[in-house]
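S.K.: If it helps, the file is called coords.cif and holds mmCIF, N, CA and C atoms:
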data_entry
loop_
_atom_site.label_atom_id
_atom_site.label_comp_id
_atom_site.auth_asym_id
_atom_site.auth_seq_id
_atom_site.Cartn_x
_atom_site.Cartn_y
_atom_site.Cartn_z
N ILE O 1 -0.98 19.50 -27.80
CA ILE O 1 -0.64 19.29 -29.22
C ILE O 1 -0.77 17.82 -29.59
N ASN O 2 -0.29 16.95 -28.71
CA ASN O 2 -0.38 15.52 -29.00
C ASN O 2 -1.83 15.07 -29.15
N MET O 3 -2.72 15.66 -28.33
CA MET O 3 -4.14 15.33 -28.42
C MET O 3 -4.70 15.77 -29.77
N SER O 4 -4.29 16.94 -30.21
CA SER O 4 -4.74 17.44 -31.51
C SER O 4 -4.31 16.51 -32.63
N ILE O 5 -3.08 16.03 -32.57
CA ILE O 5 -2.58 15.09 -33.58
C ILE O 5 -3.34 13.77 -33.50
N SER O 6 -3.65 13.33 -32.29
CA SER O 6 -4.41 12.08 -32.13
C SER O 6 -5.80 12.21 -32.74
N LEU O 7 -6.42 13.37 -32.54
CA LEU O 7 -7.78 13.57 -33.06
C LEU O 7 -7.81 13.81 -34.56
N ASN O 8 -6.76 14.44 -35.07
CA ASN O 8 -6.71 14.72 -36.51
C ASN O 8 -5.27 14.53 -37.00
N PRO O 9 -4.91 13.29 -37.32
CA PRO O 9 -3.53 13.01 -37.73
C PRO O 9 -3.14 13.61 -39.08
N ASN O 10 -4.08 14.25 -39.76
CA ASN O 10 -3.77 14.89 -41.04
C ASN O 10 -3.68 16.41 -40.92
N ALA O 11 -3.55 16.91 -39.71
CA ALA O 11 -3.47 18.35 -39.48
C ALA O 11 -2.00 18.79 -39.50
N TRP O 12 -1.57 19.34 -40.63
CA TRP O 12 -0.16 19.74 -40.77
C TRP O 12 0.22 20.77 -39.73
N LYS O 13 -0.71 21.65 -39.33
CA LYS O 13 -0.40 22.70 -38.37
C LYS O 13 -0.06 22.12 -36.99
N ALA O 14 -0.68 21.01 -36.63
CA ALA O 14 -0.39 20.40 -35.33
C ALA O 14 1.04 19.86 -35.29
N TYR O 15 1.46 19.22 -36.37
CA TYR O 15 2.85 18.74 -36.44
C TYR O 15 3.83 19.91 -36.44
N LEU O 16 3.47 20.97 -37.13
CA LEU O 16 4.30 22.17 -37.15
C LEU O 16 4.43 22.76 -35.75
N ALA O 17 3.31 22.85 -35.04
CA ALA O 17 3.33 23.39 -33.68
C ALA O 17 4.19 22.54 -32.76
N ARG O 18 4.04 21.23 -32.86
CA ARG O 18 4.86 20.36 -32.00
C ARG O 18 6.33 20.47 -32.36
N ALA O 19 6.62 20.60 -33.64
CA ALA O 19 8.02 20.76 -34.06
C ALA O 19 8.64 22.02 -33.46
N THR O 20 7.89 23.11 -33.42
CA THR O 20 8.44 24.35 -32.84
C THR O 20 8.73 24.17 -31.35
N VAL O 21 7.88 23.44 -30.65
CA VAL O 21 8.14 23.15 -29.24
C VAL O 21 9.38 22.29 -29.10
N LEU O 22 9.49 21.27 -29.91
CA LEU O 22 10.65 20.38 -29.87
C LEU O 22 11.94 21.14 -30.19
N MET O 23 11.86 22.09 -31.11
CA MET O 23 13.04 22.90 -31.42
C MET O 23 13.48 23.69 -30.19
N LYS O 24 12.53 24.25 -29.46
CA LYS O 24 12.87 25.01 -28.25
C LYS O 24 13.48 24.13 -27.18
N LEU O 25 13.14 22.84 -27.23
CA LEU O 25 13.70 21.87 -26.28
C LEU O 25 15.01 21.25 -26.79
N ASP O 26 15.49 21.74 -27.93
CA ASP O 26 16.70 21.23 -28.58
C ASP O 26 16.59 19.75 -28.99
N ASP O 27 15.38 19.30 -29.22
CA ASP O 27 15.15 17.94 -29.72
C ASP O 27 14.97 18.04 -31.23
N PHE O 28 16.08 18.29 -31.90
CA PHE O 28 16.03 18.60 -33.32
C PHE O 28 15.67 17.40 -34.19
N GLN O 29 16.08 16.21 -33.78
CA GLN O 29 15.75 15.03 -34.58
C GLN O 29 14.23 14.79 -34.57
N SER O 30 13.60 14.91 -33.41
CA SER O 30 12.14 14.75 -33.34
C SER O 30 11.44 15.88 -34.07
N ALA O 31 11.98 17.10 -33.98
CA ALA O 31 11.40 18.22 -34.70
C ALA O 31 11.46 17.97 -36.20
N LEU O 32 12.57 17.41 -36.67
CA LEU O 32 12.70 17.10 -38.10
C LEU O 32 11.65 16.08 -38.53
N THR O 33 11.42 15.09 -37.71
CA THR O 33 10.40 14.09 -38.01
C THR O 33 9.03 14.74 -38.16
N ASP O 34 8.69 15.64 -37.23
CA ASP O 34 7.39 16.31 -37.30
C ASP O 34 7.32 17.27 -38.49
N LEU O 35 8.39 17.94 -38.80
CA LEU O 35 8.39 18.84 -39.95
C LEU O 35 8.25 18.05 -41.25
N ASN O 36 8.89 16.90 -41.32
CA ASN O 36 8.74 16.05 -42.50
C ASN O 36 7.30 15.57 -42.65
N LYS O 37 6.65 15.23 -41.52
CA LYS O 37 5.25 14.81 -41.57
C LYS O 37 4.37 15.99 -41.99
N SER O 38 4.63 17.15 -41.45
CA SER O 38 3.88 18.35 -41.82
C SER O 38 4.03 18.62 -43.32
N MET O 39 5.24 18.48 -43.82
CA MET O 39 5.52 18.69 -45.24
C MET O 39 4.78 17.65 -46.10
N GLU O 40 4.74 16.43 -45.62
CA GLU O 40 4.03 15.37 -46.33
C GLU O 40 2.54 15.72 -46.47
N LEU O 41 1.99 16.38 -45.46
CA LEU O 41 0.57 16.73 -45.47
C LEU O 41 0.26 17.99 -46.27
N ASP O 42 1.22 18.91 -46.34
CA ASP O 42 0.98 20.15 -47.10
C ASP O 42 2.31 20.75 -47.54
N GLN O 43 2.70 20.47 -48.77
CA GLN O 43 4.00 20.91 -49.29
C GLN O 43 4.03 22.38 -49.66
N ASP O 44 2.89 23.05 -49.62
CA ASP O 44 2.83 24.44 -50.05
C ASP O 44 3.08 25.45 -48.93
N GLN O 45 3.35 24.98 -47.73
CA GLN O 45 3.56 25.87 -46.59
C GLN O 45 5.05 26.23 -46.48
N VAL O 46 5.38 27.43 -46.89
CA VAL O 46 6.78 27.87 -46.94
C VAL O 46 7.41 27.86 -45.55
N VAL O 47 6.62 28.12 -44.53
CA VAL O 47 7.16 28.15 -43.16
C VAL O 47 7.78 26.81 -42.78
N ILE O 48 7.26 25.73 -43.32
CA ILE O 48 7.82 24.40 -43.03
C ILE O 48 9.24 24.31 -43.57
N TYR O 49 9.45 24.80 -44.77
CA TYR O 49 10.79 24.78 -45.36
C TYR O 49 11.75 25.61 -44.51
N TYR O 50 11.28 26.76 -44.06
CA TYR O 50 12.12 27.64 -43.24
C TYR O 50 12.52 26.94 -41.94
N LEU O 51 11.55 26.40 -41.22
CA LEU O 51 11.86 25.76 -39.94
C LEU O 51 12.69 24.49 -40.14
N ARG O 52 12.38 23.74 -41.18
CA ARG O 52 13.17 22.53 -41.44
C ARG O 52 14.60 22.91 -41.80
N GLY O 53 14.78 24.02 -42.50
CA GLY O 53 16.13 24.50 -42.76
C GLY O 53 16.88 24.82 -41.49
N LEU O 54 16.21 25.48 -40.55
CA LEU O 54 16.85 25.80 -39.26
C LEU O 54 17.22 24.53 -38.49
N VAL O 55 16.32 23.55 -38.51
CA VAL O 55 16.60 22.28 -37.84
C VAL O 55 17.79 21.59 -38.51
N ASN O 56 17.83 21.61 -39.82
CA ASN O 56 18.96 20.99 -40.51
C ASN O 56 20.28 21.69 -40.21
N ILE O 57 20.25 23.00 -40.01
CA ILE O 57 21.46 23.70 -39.57
C ILE O 57 21.90 23.15 -38.22
N ALA O 58 20.96 23.04 -37.29
CA ALA O 58 21.28 22.54 -35.95
C ALA O 58 21.83 21.12 -36.00
N LEU O 59 21.35 20.33 -36.96
CA LEU O 59 21.80 18.94 -37.11
C LEU O 59 23.03 18.82 -38.01
N GLU O 60 23.54 19.97 -38.45
CA GLU O 60 24.70 20.04 -39.33
C GLU O 60 24.48 19.34 -40.67
N ASN O 61 23.24 19.37 -41.13
CA ASN O 61 22.89 18.86 -42.46
C ASN O 61 22.82 20.05 -43.41
N ASN O 62 23.98 20.60 -43.73
CA ASN O 62 24.00 21.87 -44.47
C ASN O 62 23.41 21.77 -45.87
N ARG O 63 23.62 20.67 -46.54
CA ARG O 63 23.07 20.56 -47.89
C ARG O 63 21.54 20.59 -47.85
N ALA O 64 20.95 19.87 -46.92
CA ALA O 64 19.49 19.89 -46.77
C ALA O 64 19.03 21.27 -46.32
N ALA O 65 19.79 21.90 -45.42
CA ALA O 65 19.44 23.24 -44.95
C ALA O 65 19.44 24.22 -46.12
N CYS O 66 20.44 24.14 -46.96
CA CYS O 66 20.52 25.04 -48.12
C CYS O 66 19.30 24.87 -49.02
N SER O 67 18.94 23.66 -49.30
CA SER O 67 17.80 23.40 -50.16
C SER O 67 16.52 23.98 -49.57
N ASP O 68 16.27 23.69 -48.30
CA ASP O 68 15.05 24.18 -47.65
C ASP O 68 15.04 25.70 -47.53
N LEU O 69 16.16 26.27 -47.15
CA LEU O 69 16.19 27.72 -46.96
C LEU O 69 16.10 28.47 -48.28
N LYS O 70 16.65 27.91 -49.34
CA LYS O 70 16.48 28.54 -50.66
C LYS O 70 15.00 28.54 -51.06
N THR O 71 14.31 27.47 -50.77
CA THR O 71 12.87 27.41 -51.05
C THR O 71 12.12 28.43 -50.20
N ALA O 72 12.51 28.54 -48.95
CA ALA O 72 11.87 29.52 -48.06
C ALA O 72 12.08 30.95 -48.57
N ILE O 73 13.29 31.24 -49.03
CA ILE O 73 13.58 32.57 -49.58
C ILE O 73 12.72 32.83 -50.82
N GLU O 74 12.62 31.84 -51.69
CA GLU O 74 11.77 31.98 -52.88
C GLU O 74 10.32 32.24 -52.50
N GLY O 75 9.92 31.71 -51.33
CA GLY O 75 8.55 31.89 -50.86
C GLY O 75 8.33 33.16 -50.06
N GLY O 76 9.39 33.96 -49.89
CA GLY O 76 9.22 35.25 -49.24
C GLY O 76 9.94 35.45 -47.92
N PHE O 77 10.61 34.43 -47.40
CA PHE O 77 11.34 34.58 -46.14
C PHE O 77 12.67 35.28 -46.41
N GLU O 78 12.91 36.36 -45.71
CA GLU O 78 14.15 37.13 -45.87
C GLU O 78 15.24 36.70 -44.88
N GLN O 79 14.85 36.20 -43.72
CA GLN O 79 15.79 35.93 -42.63
C GLN O 79 16.99 35.06 -43.02
N PRO O 80 16.79 34.01 -43.81
CA PRO O 80 17.95 33.13 -44.06
C PRO O 80 18.87 33.57 -45.19
N LYS O 81 18.63 34.72 -45.80
CA LYS O 81 19.43 35.11 -46.98
C LYS O 81 20.92 35.16 -46.70
N ASN O 82 21.32 35.76 -45.61
CA ASN O 82 22.76 35.86 -45.31
C ASN O 82 23.37 34.49 -45.05
N TRP O 83 22.66 33.63 -44.31
CA TRP O 83 23.18 32.29 -44.04
C TRP O 83 23.37 31.55 -45.35
N VAL O 84 22.37 31.61 -46.22
CA VAL O 84 22.45 30.92 -47.51
C VAL O 84 23.62 31.49 -48.33
N LYS O 85 23.75 32.80 -48.35
CA LYS O 85 24.84 33.43 -49.10
C LYS O 85 26.21 32.96 -48.60
N ASP O 86 26.35 32.79 -47.31
CA ASP O 86 27.62 32.41 -46.71
C ASP O 86 27.89 30.90 -46.73
N ASN O 87 26.85 30.09 -46.83
CA ASN O 87 27.03 28.66 -46.62
C ASN O 87 26.61 27.76 -47.78
N CYS O 88 25.95 28.32 -48.77
CA CYS O 88 25.43 27.49 -49.87
C CYS O 88 26.08 27.90 -51.19
N LYS O 89 26.25 26.95 -52.06
CA LYS O 89 26.83 27.23 -53.37
C LYS O 89 25.76 27.44 -54.38
#
Write out the structure in this file as structure tokens.
M.R.:
Amino acid sequence: INMSISLNPNAWKAYLARATVLMKLDDFQSALTDLNKSMELDQDQVVIYYLRGLVNIALENNRAACSDLKTAIEGGFEQPKNWVKDNCK
């Protein structure tokens, strides 16, 4: 993944892929950095909002998580509906 980013630093999917690996390694701060970069490159990818919401939950950034997960729900993600209902105003 790092090689892919080196060869094409504007590939939002590469940052997204690395973020998912970092999430599995519980490196949520680094995952957030990559998700933010991915978002910077393509703001229309709803999956980025969903994953960034999950990372923000792990980092206890609930306000940011609510914002991202609400956007993900608007874009068609059903999974976070209960969390948003229970944790967001």
S.K.: Hey, what comes out of the PyMOL selection byres ((chain O and resi 88) around 8) on this file? Could you write it as a PyMOL selection string?
M.R.: chain O and resi 62-63+65-67+82-87+89
S.K.: Contacts of Trp12 (chain O) at 6.5 Å or less, counting only N, CA and C atoms, minus same-chain residues fewer than 2 places along, as a ChimeraX atom specification?
M.R.: /O:9-10,14-17,37-39,41-42
S.K.: Next, the residues of the selection above should be written as a tab-separated table (two decimals), in the frame of the given file with N, CA and C atoms.
M.R.:
chain	number	residue	atom	x	y	z
O	9	PRO	N	-4.91	13.29	-37.32
O	9	PRO	CA	-3.53	13.01	-37.73
O	9	PRO	C	-3.14	13.61	-39.08
O	10	ASN	N	-4.08	14.25	-39.76
O	10	ASN	CA	-3.77	14.89	-41.04
O	10	ASN	C	-3.68	16.41	-40.92
O	14	ALA	N	-0.68	21.01	-36.63
O	14	ALA	CA	-0.39	20.40	-35.33
O	14	ALA	C	1.04	19.86	-35.29
O	15	TYR	N	1.46	19.22	-36.37
O	15	TYR	CA	2.85	18.74	-36.44
O	15	TYR	C	3.83	19.91	-36.44
O	16	LEU	N	3.47	20.97	-37.13
O	16	LEU	CA	4.30	22.17	-37.15
O	16	LEU	C	4.43	22.76	-35.75
O	17	ALA	N	3.31	22.85	-35.04
O	17	ALA	CA	3.33	23.39	-33.68
O	17	ALA	C	4.19	22.54	-32.76
O	37	LYS	N	6.65	15.23	-41.52
O	37	LYS	CA	5.25	14.81	-41.57
O	37	LYS	C	4.37	15.99	-41.99
O	38	SER	N	4.63	17.15	-41.45
O	38	SER	CA	3.88	18.35	-41.82
O	38	SER	C	4.03	18.62	-43.32
O	39	MET	N	5.24	18.48	-43.82
O	39	MET	CA	5.52	18.69	-45.24
O	39	MET	C	4.78	17.65	-46.10
O	41	LEU	N	1.99	16.38	-45.46
O	41	LEU	CA	0.57	16.73	-45.47
O	41	LEU	C	0.26	17.99	-46.27
O	42	ASP	N	1.22	18.91	-46.34
O	42	ASP	CA	0.98	20.15	-47.10
O	42	ASP	C	2.31	20.75	-47.54
S.K.: Using DSSP on the backbone coordinates, identify all residues within chain O classified as helix (DSSP H, G or I); present the result as a ChimeraX atom specification.
M.R.: /O:2-7,12-24,28-41,46-58,62-74,81-87
S.K.: Between CA of Ser6 (chain O) and atom N of Val55 (chain O), what is the spacing in Å?
M.R.: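 About the pair atom N of Val55 (chain O) and CA of Ser6 (chain O): they are 24.5 Å apart.
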S.K.: Run through the PyMOL selection byres (((chain O and resi 22-33 and name CA) around 8) and name CA) on the given coordinates and return the selected residues as a PDB file with N, CA and C atoms, keeping the file's coordinate frame.
M.R.:
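Produced file expr12.pdb, reproduced below:
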ATOM      1  N   ARG O  18       4.040  21.230 -32.860  1.00  0.00           N
ATOM      2  CA  ARG O  18       4.860  20.360 -32.000  1.00  0.00           C
ATOM      3  C   ARG O  18       6.330  20.470 -32.360  1.00  0.00           C
ATOM      4  N   ALA O  19       6.620  20.600 -33.640  1.00  0.00           N
ATOM      5  CA  ALA O  19       8.020  20.760 -34.060  1.00  0.00           C
ATOM      6  C   ALA O  19       8.640  22.020 -33.460  1.00  0.00           C
ATOM      7  N   THR O  20       7.890  23.110 -33.420  1.00  0.00           N
ATOM      8  CA  THR O  20       8.440  24.350 -32.840  1.00  0.00           C
ATOM      9  C   THR O  20       8.730  24.170 -31.350  1.00  0.00           C
ATOM     10  N   VAL O  21       7.880  23.440 -30.650  1.00  0.00           N
ATOM     11  CA  VAL O  21       8.140  23.150 -29.240  1.00  0.00           C
ATOM     12  C   VAL O  21       9.380  22.290 -29.100  1.00  0.00           C
ATOM     13  N   ASP O  34       8.690  15.640 -37.230  1.00  0.00           N
ATOM     14  CA  ASP O  34       7.390  16.310 -37.300  1.00  0.00           C
ATOM     15  C   ASP O  34       7.320  17.270 -38.490  1.00  0.00           C
ATOM     16  N   LEU O  35       8.390  17.940 -38.800  1.00  0.00           N
ATOM     17  CA  LEU O  35       8.390  18.840 -39.950  1.00  0.00           C
ATOM     18  C   LEU O  35       8.250  18.050 -41.250  1.00  0.00           C
ATOM     19  N   ASN O  36       8.890  16.900 -41.320  1.00  0.00           N
ATOM     20  CA  ASN O  36       8.740  16.050 -42.500  1.00  0.00           C
ATOM     21  C   ASN O  36       7.300  15.570 -42.650  1.00  0.00           C
ATOM     22  N   LYS O  37       6.650  15.230 -41.520  1.00  0.00           N
ATOM     23  CA  LYS O  37       5.250  14.810 -41.570  1.00  0.00           C
ATOM     24  C   LYS O  37       4.370  15.990 -41.990  1.00  0.00           C
ATOM     25  N   ARG O  52      12.380  23.740 -41.180  1.00  0.00           N
ATOM     26  CA  ARG O  52      13.170  22.530 -41.440  1.00  0.00           C
ATOM     27  C   ARG O  52      14.600  22.910 -41.800  1.00  0.00           C
ATOM     28  N   VAL O  55      16.320  23.550 -38.510  1.00  0.00           N
ATOM     29  CA  VAL O  55      16.600  22.280 -37.840  1.00  0.00           C
ATOM     30  C   VAL O  55      17.790  21.590 -38.510  1.00  0.00           C
ATOM     31  N   ASN O  56      17.830  21.610 -39.820  1.00  0.00           N
ATOM     32  CA  ASN O  56      18.960  20.990 -40.510  1.00  0.00           C
ATOM     33  C   ASN O  56      20.280  21.690 -40.210  1.00  0.00           C
ATOM     34  N   ALA O  58      20.960  23.040 -37.290  1.00  0.00           N
ATOM     35  CA  ALA O  58      21.280  22.540 -35.950  1.00  0.00           C
ATOM     36  C   ALA O  58      21.830  21.120 -36.000  1.00  0.00           C
ATOM     37  N   LEU O  59      21.350  20.330 -36.960  1.00  0.00           N
ATOM     38  CA  LEU O  59      21.800  18.940 -37.110  1.00  0.00           C
ATOM     39  C   LEU O  59      23.030  18.820 -38.010  1.00  0.00           C
TER      40      LEU O  59
END
S.K.: If you measure from atom N of Ile5 (chain O) to atom N of Leu54 (chain O), what distance in Å do you get, rounded to one decimal?
M.R.: 22.9 Å
S.K.: Kindly give the distance, in Å, that separates atom N of Lys13 (chain O) and atom N of Glu60 (chain O), rounded to a single decimal.
M.R.: 24.3 Å
S.K.: Could you work out an axis-aligned box for region 68-74 of chain O, taking every atom the file lists and adding 8 Å on each side, and report centre and edge lengths in Å to one decimal, as JSON?
M.R.:
{"center_x": 13.5, "center_y": 28.3, "center_z": -49.9, "size_x": 22.3, "size_y": 25.1, "size_z": 21.9}
S.K.: Given all atoms listed in the file as the basis, pick out the residue of O:Met3, O:Glu40, O:Tyr50, O:Ala11 nearest to Phe77 (chain O).
M.R.: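 So, comparing all the options, the nearest one is O:Tyr50.
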S.K.: Please list as an mmCIF file with N, CA and C atoms, keeping the file's coordinate frame every residue within 6 Å of Val46 (chain O), counting all atoms listed in the file and excluding residues in the same chain fewer than 3 positions away.
M.R.:
data_model
loop_
_atom_site.group_PDB
_atom_site.id
_atom_site.type_symbol
_atom_site.label_atom_id
_atom_site.label_comp_id
_atom_site.auth_asym_id
_atom_site.auth_seq_id
_atom_site.Cartn_x
_atom_site.Cartn_y
_atom_site.Cartn_z
ATOM 1 N N GLN O 43 2.700 20.470 -48.770
ATOM 2 C CA GLN O 43 4.000 20.910 -49.290
ATOM 3 C C GLN O 43 4.030 22.380 -49.660
ATOM 4 N N TYR O 49 9.450 24.800 -44.770
ATOM 5 C CA TYR O 49 10.790 24.780 -45.360
ATOM 6 C C TYR O 49 11.750 25.610 -44.510
ATOM 7 N N TYR O 50 11.280 26.760 -44.060
ATOM 8 C CA TYR O 50 12.120 27.640 -43.240
ATOM 9 C C TYR O 50 12.520 26.940 -41.940
ATOM 10 N N ALA O 72 12.510 28.540 -48.950
ATOM 11 C CA ALA O 72 11.870 29.520 -48.060
ATOM 12 C C ALA O 72 12.080 30.950 -48.570
ATOM 13 N N GLY O 75 9.920 31.710 -51.330
ATOM 14 C CA GLY O 75 8.550 31.890 -50.860
ATOM 15 C C GLY O 75 8.330 33.160 -50.060
#
